[in-house]
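Novice: Supplied in structure tokens, the structure appears directly below.
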Amino acid sequence: MSWLETRWYNSLAPAPIFLRPLEALFKCLAGHKKKRDLISQWDAPVPVIVVGNISVGGTGKTPLTVYLVDQLKAQGYKPGIISRGYKSKAPQYPFDVSLAVSSDESGDEPYMLQRRCQCPVVIDADRRSAAEYLLSHYDCDLIISDDGLQHYRLARDIEIAVVDSERGLGNGHCLPAGPLREEPLRLKSVNYVVSNGGECAALPKGVVAYDMQLMPCFFHPCGWNSASSRSYPFNGFPYKKINAVAGIGHPQRFFNTLKSIVGAEVLGYPKPDHYSFSESDFNFADGVTVMTEKDAVKVSTLNLKNAWYLEVSAQLPDSFMSVLIEQLKHIANKKGNKRNG
């Protein structure tokens with residue numbers, strides 16, 4: 001974690017004064033961009049759910065997206081996912097992630113989503129372009145945008161903002177004085193707030209959040225030994241020393257999870273979010289390597305031995321999906337009538 005990021009989440013340290021003018025400039029430019037995007041906003045013919053956050057770094061958007069796809073498929077929906085494809089090197093955009101030969105082409109999160117969800121995933125920094133491509137190539141009746149809360153050119157029917165219960169909203173300031181892309185009061189205008197890890201005390205007054213827990217499921221082999229090794233339930237991992245590697249937004253949460261579920265020594269090796277791994281990152285003298293599923297998709301071509309990833313699944317109250325599905329039915333009927341009219 002950088003010095004600045006540490007400062008953002010230190011409750012005893014005020015926002016750096018020398019960054020306040022830049023914060024004011026950031027908010028001004030973001031406000032102008034939002035107004036410009038709203039003028040040219042495109043409304044998709046099917047319901048659009050945006051899963052995003054108002055802060056930089058990992059909050060749990062991707063596990064929530066997986067949860068939504070699984071739940072909505074069970075209800076008979078045919079969802080497709082769109083994403084920016086951060087750090088992707090696709091041959092063209094929009095890009096169908098099912099055509100990617102590795103996570104380098106699509107970015108780590110879209111590659112993982114396509115593999116885990118088994119549904120269409122399209123990437124493009126222009127979410128409207130991604131959505132139009134998705135609808136023209138697949139029979140989808142619902143679009144889920146993984147991230148993109150601040151991408152206002154794409155109209156959205158439902159907004160879900162995810163917050164990290166541990167880190168909250170940091171010092172409450174916008175970039176670069178703080179970690180926020182939008183001010184805390186933005187959470188009052190979204191449809192749902194989901195707090196990853198339990199109750200979040202940093203929410204604005206009057207904002208109620210649904211509790212989301214990331215539940216460990218299995219340890220799966222990855223890299224070189226994936227074809228010859230079996231998986232283990234999360235509470236049956238047999239190894240006694242773990243080198244935990246995480247290139248995600250909040251590595252310490254992953255390390256804490258491992259320490260809580262395995263009776264083993266856990267040594268944490270944090271990396272920057274979306275980090276590109278090489279074999280030299282895994283030169284440990286002893287023990288096994290454990291990483292996140294998002295990291296595992298980036299090491300499949302590396303010659304790693306005794307490497308595993310922990311699969312997790314999001315859990316939310318039943319009331320969350322009940323309310324969401326009722327809202328979706330109303331939106332789908334409204335859009336259907338508009339198309340037929």
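Each chain in the structure tokens gets a letter, A, B, ..., in the order shown, and its residues are numbered from 1; ligands are numbered from 1 in order too.
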Name the residues in contact with Thr257 in chain A at a cut-off of 10 Å, using only C-alpha atoms, excluding same-chain residues fewer than 6 positions from it; report them as a list of chain:residue names.

Specialist: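 So, after excluding close chain neighbours, the residues are A:Leu214, A:Met215, A:Pro216, A:Leu310.
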
Novice: Export N, CA and C atoms of the chosen residues as a PDB file, in the first residue's frame?

Specialist:
ATOM      1  N   LEU A 214     -18.270 -12.732   2.143  1.00  0.00           N
ATOM      2  CA  LEU A 214     -17.585 -13.581   1.179  1.00  0.00           C
ATOM      3  C   LEU A 214     -17.210 -14.881   1.881  1.00  0.00           C
ATOM      4  N   MET A 215     -17.893 -15.945   1.505  1.00  0.00           N
ATOM      5  CA  MET A 215     -17.735 -17.221   2.186  1.00  0.00           C
ATOM      6  C   MET A 215     -16.746 -18.112   1.423  1.00  0.00           C
ATOM      7  N   PRO A 216     -15.716 -18.627   2.100  1.00  0.00           N
ATOM      8  CA  PRO A 216     -14.774 -19.531   1.433  1.00  0.00           C
ATOM      9  C   PRO A 216     -15.446 -20.842   1.066  1.00  0.00           C
ATOM     10  N   LEU A 310      -8.166 -19.794  -3.667  1.00  0.00           N
ATOM     11  CA  LEU A 310      -9.340 -19.964  -2.819  1.00  0.00           C
ATOM     12  C   LEU A 310     -10.566 -19.403  -3.520  1.00  0.00           C
TER      13      LEU A 310
END

Novice: Go through range 39-113 of chain A and flag each residue having an atom no more than 9 Å from range 274-296 of chain A; for those, report the closest pair of atoms plus their distance in Å to one decimal, using only C-alpha atoms, ordered by chain and rising number, as CSV.

Specialist:
residue,atom,partner,partner_atom,distance
A:Tyr86,CA,A:His274,CA,8.3
A:Lys87,CA,A:His274,CA,7.8
A:Asp104,CA,A:Ser276,CA,8.8
A:Gly107,CA,A:His274,CA,8.2
A:Asp108,CA,A:Lys294,CA,6.1
A:Glu109,CA,A:Lys294,CA,6.1
A:Tyr111,CA,A:Lys294,CA,8.5
A:Met112,CA,A:Lys294,CA,6.1
A:Leu113,CA,A:Lys294,CA,8.9

Novice: Selection from above, N, CA and C atoms, as a compact mmCIF listing (two decimals), in the first residue's frame, can you write it?

Specialist:
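Output saved as result.txt:
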# COMPACT_ATOMS: atom_id res chain seq x y z
N TYR A 86 -9.96 -3.33 -17.59
CA TYR A 86 -8.79 -2.56 -17.15
C TYR A 86 -7.50 -3.33 -17.45
N LYS A 87 -6.53 -2.66 -18.04
CA LYS A 87 -5.23 -3.21 -18.42
C LYS A 87 -5.31 -4.29 -19.50
N ASP A 104 -4.39 -11.56 -20.36
CA ASP A 104 -3.71 -10.36 -20.87
C ASP A 104 -4.58 -9.63 -21.89
N GLY A 107 -8.04 -8.56 -19.57
CA GLY A 107 -7.99 -8.07 -18.20
C GLY A 107 -8.39 -9.19 -17.26
N ASP A 108 -7.88 -9.16 -16.03
CA ASP A 108 -8.07 -10.28 -15.12
C ASP A 108 -9.51 -10.49 -14.68
N GLU A 109 -10.21 -9.43 -14.30
CA GLU A 109 -11.56 -9.59 -13.79
C GLU A 109 -12.54 -10.08 -14.86
N TYR A 111 -11.89 -11.85 -17.49
CA TYR A 111 -11.51 -13.23 -17.80
C TYR A 111 -12.03 -14.19 -16.73
N MET A 112 -11.90 -13.78 -15.47
CA MET A 112 -12.40 -14.60 -14.38
C MET A 112 -13.93 -14.69 -14.42
N LEU A 113 -14.59 -13.57 -14.71
CA LEU A 113 -16.05 -13.57 -14.76
C LEU A 113 -16.58 -14.49 -15.85

Novice: Skipping near chain neighbours, those fewer than 4 positions away, what residues fall within 7 Å of range 163-168 of chain A using only C-alpha atoms, listed as number ranges by chain?

Specialist: A: 9, 53, 59, 194-200, 202

Novice: Just checking: using only C-alpha atoms, which residue out of A:Val266, A:His151, A:Pro317, A:Ser229 ends up closest to Gln213 in chain A?

Specialist: A:Pro317

Novice: Find the spatial neighbours of Ala161 in chain A, counting only C-alpha atoms, within a cut-off of 10 Å - ignore same-chain residues fewer than 2 positions away - and output them as a list in words.

Specialist: Val50, Val51, Gly52, Asn53, Ile54, Ser55, Thr59, Gly60, Lys61, Asp147, Leu149, Glu159, Val163, Arg186, Leu187, Ser189, Val190, Asn191, Tyr192, Val193, Val194, Ser195 and Ala209 of chain A

Novice: Restricting the calculation to only C-alpha atoms: of A:Ser102, A:Phe320, A:Lys205, A:Pro233, which residue gets closest to Thr301 in chain A?

Specialist: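 Closest residue, counting only C-alpha atoms: A:Ser102.
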
Novice: Using the chain letters and numbers from this document, which residues of range 71-157 of chain A does DSSP assign to strand (DSSP E), as a list in words?

Specialist: Pro79, Gly80, Ile81, Ile82, Ser83, Phe95, Asp96, Val121, Val122, Ile123, Leu142, Ile143, Ile144, Ser145 and Asp146 of chain A

Novice: Filtering to N, CA and C atoms, could you give me those residues as a tab-separated table (two decimals), in the first residue's frame?

Specialist:
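The file below, again_15.tsv, is the result:
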chain	number	residue	atom	x	y	z
A	79	PRO	N	-28.51	-13.23	-18.43
A	79	PRO	CA	-27.69	-12.03	-18.26
A	79	PRO	C	-26.41	-12.05	-19.10
A	80	GLY	N	-25.94	-10.88	-19.44
A	80	GLY	CA	-24.62	-10.69	-20.03
A	80	GLY	C	-23.90	-9.63	-19.22
A	81	ILE	N	-22.58	-9.68	-19.24
A	81	ILE	CA	-21.77	-8.77	-18.44
A	81	ILE	C	-20.96	-7.86	-19.36
A	82	ILE	N	-20.89	-6.59	-18.99
A	82	ILE	CA	-19.98	-5.67	-19.67
A	82	ILE	C	-19.00	-5.12	-18.65
A	83	SER	N	-17.80	-4.79	-19.11
A	83	SER	CA	-16.76	-4.30	-18.21
A	83	SER	C	-15.80	-3.42	-18.99
A	95	PHE	N	-14.65	-6.10	-27.28
A	95	PHE	CA	-14.00	-7.41	-27.39
A	95	PHE	C	-14.79	-8.44	-26.60
A	96	ASP	N	-15.07	-9.56	-27.27
A	96	ASP	CA	-15.77	-10.68	-26.66
A	96	ASP	C	-14.75	-11.51	-25.88
A	121	VAL	N	-19.43	-12.09	-21.82
A	121	VAL	CA	-18.75	-10.95	-21.21
A	121	VAL	C	-18.08	-10.15	-22.33
A	122	VAL	N	-18.36	-8.86	-22.38
A	122	VAL	CA	-17.81	-7.99	-23.41
A	122	VAL	C	-17.13	-6.80	-22.72
A	123	ILE	N	-15.94	-6.45	-23.21
A	123	ILE	CA	-15.21	-5.33	-22.61
A	123	ILE	C	-15.07	-4.18	-23.59
A	142	LEU	N	-30.81	-9.04	-20.05
A	142	LEU	CA	-30.39	-8.27	-18.90
A	142	LEU	C	-28.89	-8.00	-19.01
A	143	ILE	N	-28.48	-6.79	-18.69
A	143	ILE	CA	-27.06	-6.44	-18.72
A	143	ILE	C	-26.60	-6.07	-17.31
A	144	ILE	N	-25.48	-6.65	-16.90
A	144	ILE	CA	-24.85	-6.29	-15.64
A	144	ILE	C	-23.51	-5.65	-15.96
A	145	SER	N	-23.32	-4.42	-15.52
A	145	SER	CA	-22.07	-3.71	-15.74
A	145	SER	C	-21.20	-3.86	-14.50
A	146	ASP	N	-20.07	-4.56	-14.67
A	146	ASP	CA	-19.12	-4.72	-13.57
A	146	ASP	C	-18.28	-3.45	-13.51

Novice: Name the residues in contact with range 70-74 of chain A at a cut-off of 9 Å, using only C-alpha atoms, excluding same-chain residues fewer than 4 positions from it; report them as a PyMOL selection string.

Specialist: chain A and resi 65-66+78-79+117+321+325

Novice: Please produce an output containing N, CA, C and O atoms for each residue in the selection, written as a PDB file, in the first residue's frame.

Specialist:
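To be explicit, this is the file written out as part_35.pdb:
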ATOM      1  N   THR A  65     -21.047  -9.383  -8.511  1.00  0.00           N
ATOM      2  CA  THR A  65     -21.492  -9.625  -9.891  1.00  0.00           C
ATOM      3  C   THR A  65     -21.711 -11.107 -10.131  1.00  0.00           C
ATOM      4  O   THR A  65     -22.719 -11.516 -10.743  1.00  0.00           O
ATOM      5  N   VAL A  66     -20.796 -11.952  -9.657  1.00  0.00           N
ATOM      6  CA  VAL A  66     -20.957 -13.408  -9.789  1.00  0.00           C
ATOM      7  C   VAL A  66     -22.234 -13.864  -9.090  1.00  0.00           C
ATOM      8  O   VAL A  66     -23.016 -14.660  -9.635  1.00  0.00           O
ATOM      9  N   LYS A  78     -31.405 -14.274 -18.692  1.00  0.00           N
ATOM     10  CA  LYS A  78     -30.237 -14.570 -19.529  1.00  0.00           C
ATOM     11  C   LYS A  78     -29.312 -13.344 -19.486  1.00  0.00           C
ATOM     12  O   LYS A  78     -29.317 -12.514 -20.399  1.00  0.00           O
ATOM     13  N   PRO A  79     -28.513 -13.228 -18.428  1.00  0.00           N
ATOM     14  CA  PRO A  79     -27.685 -12.026 -18.256  1.00  0.00           C
ATOM     15  C   PRO A  79     -26.413 -12.054 -19.096  1.00  0.00           C
ATOM     16  O   PRO A  79     -25.878 -13.115 -19.422  1.00  0.00           O
ATOM     17  N   CYS A 117     -18.759 -17.452 -14.476  1.00  0.00           N
ATOM     18  CA  CYS A 117     -20.202 -17.279 -14.672  1.00  0.00           C
ATOM     19  C   CYS A 117     -20.755 -18.038 -15.870  1.00  0.00           C
ATOM     20  O   CYS A 117     -21.961 -18.282 -15.941  1.00  0.00           O
ATOM     21  N   MET A 321     -32.414 -10.117  -2.814  1.00  0.00           N
ATOM     22  CA  MET A 321     -32.808 -10.591  -4.143  1.00  0.00           C
ATOM     23  C   MET A 321     -34.311 -10.496  -4.352  1.00  0.00           C
ATOM     24  O   MET A 321     -34.770 -10.241  -5.466  1.00  0.00           O
ATOM     25  N   ILE A 325     -35.529  -8.550  -7.623  1.00  0.00           N
ATOM     26  CA  ILE A 325     -36.251  -9.251  -8.686  1.00  0.00           C
ATOM     27  C   ILE A 325     -37.601  -8.589  -8.957  1.00  0.00           C
ATOM     28  O   ILE A 325     -38.012  -8.453 -10.124  1.00  0.00           O
TER      29      ILE A 325
END

Novice: Contacts of Pro251 in chain A at 10 Å or less, counting only C-alpha atoms, minus same-chain residues fewer than 3 places along, as a list in words?

Specialist: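 Once the adjacent positions are removed, what remains is Met1, Gly58, Ala244, Val245, Ala246, Gly247, Ile248, Phe254, Phe255, Asn256, Gly268, Tyr269, Pro270, Lys271, Pro272, Asp273, Met291 and Thr292 of chain A.
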
Novice: Pick from A:Leu64, A:Ala201, A:Ala332, A:Leu135: nearest to Gly170 in chain A, with only C-alpha atoms counted?

Specialist: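 So, comparing all the options, the nearest one is A:Ala201.
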
Novice: Record the distance separating CA of Ser106 in chain A and CA of Val48 in chain A, expressed in Å with one decimal.

Specialist: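 Separating CA of Ser106 in chain A from CA of Val48 in chain A is a distance of 21.5 Å.
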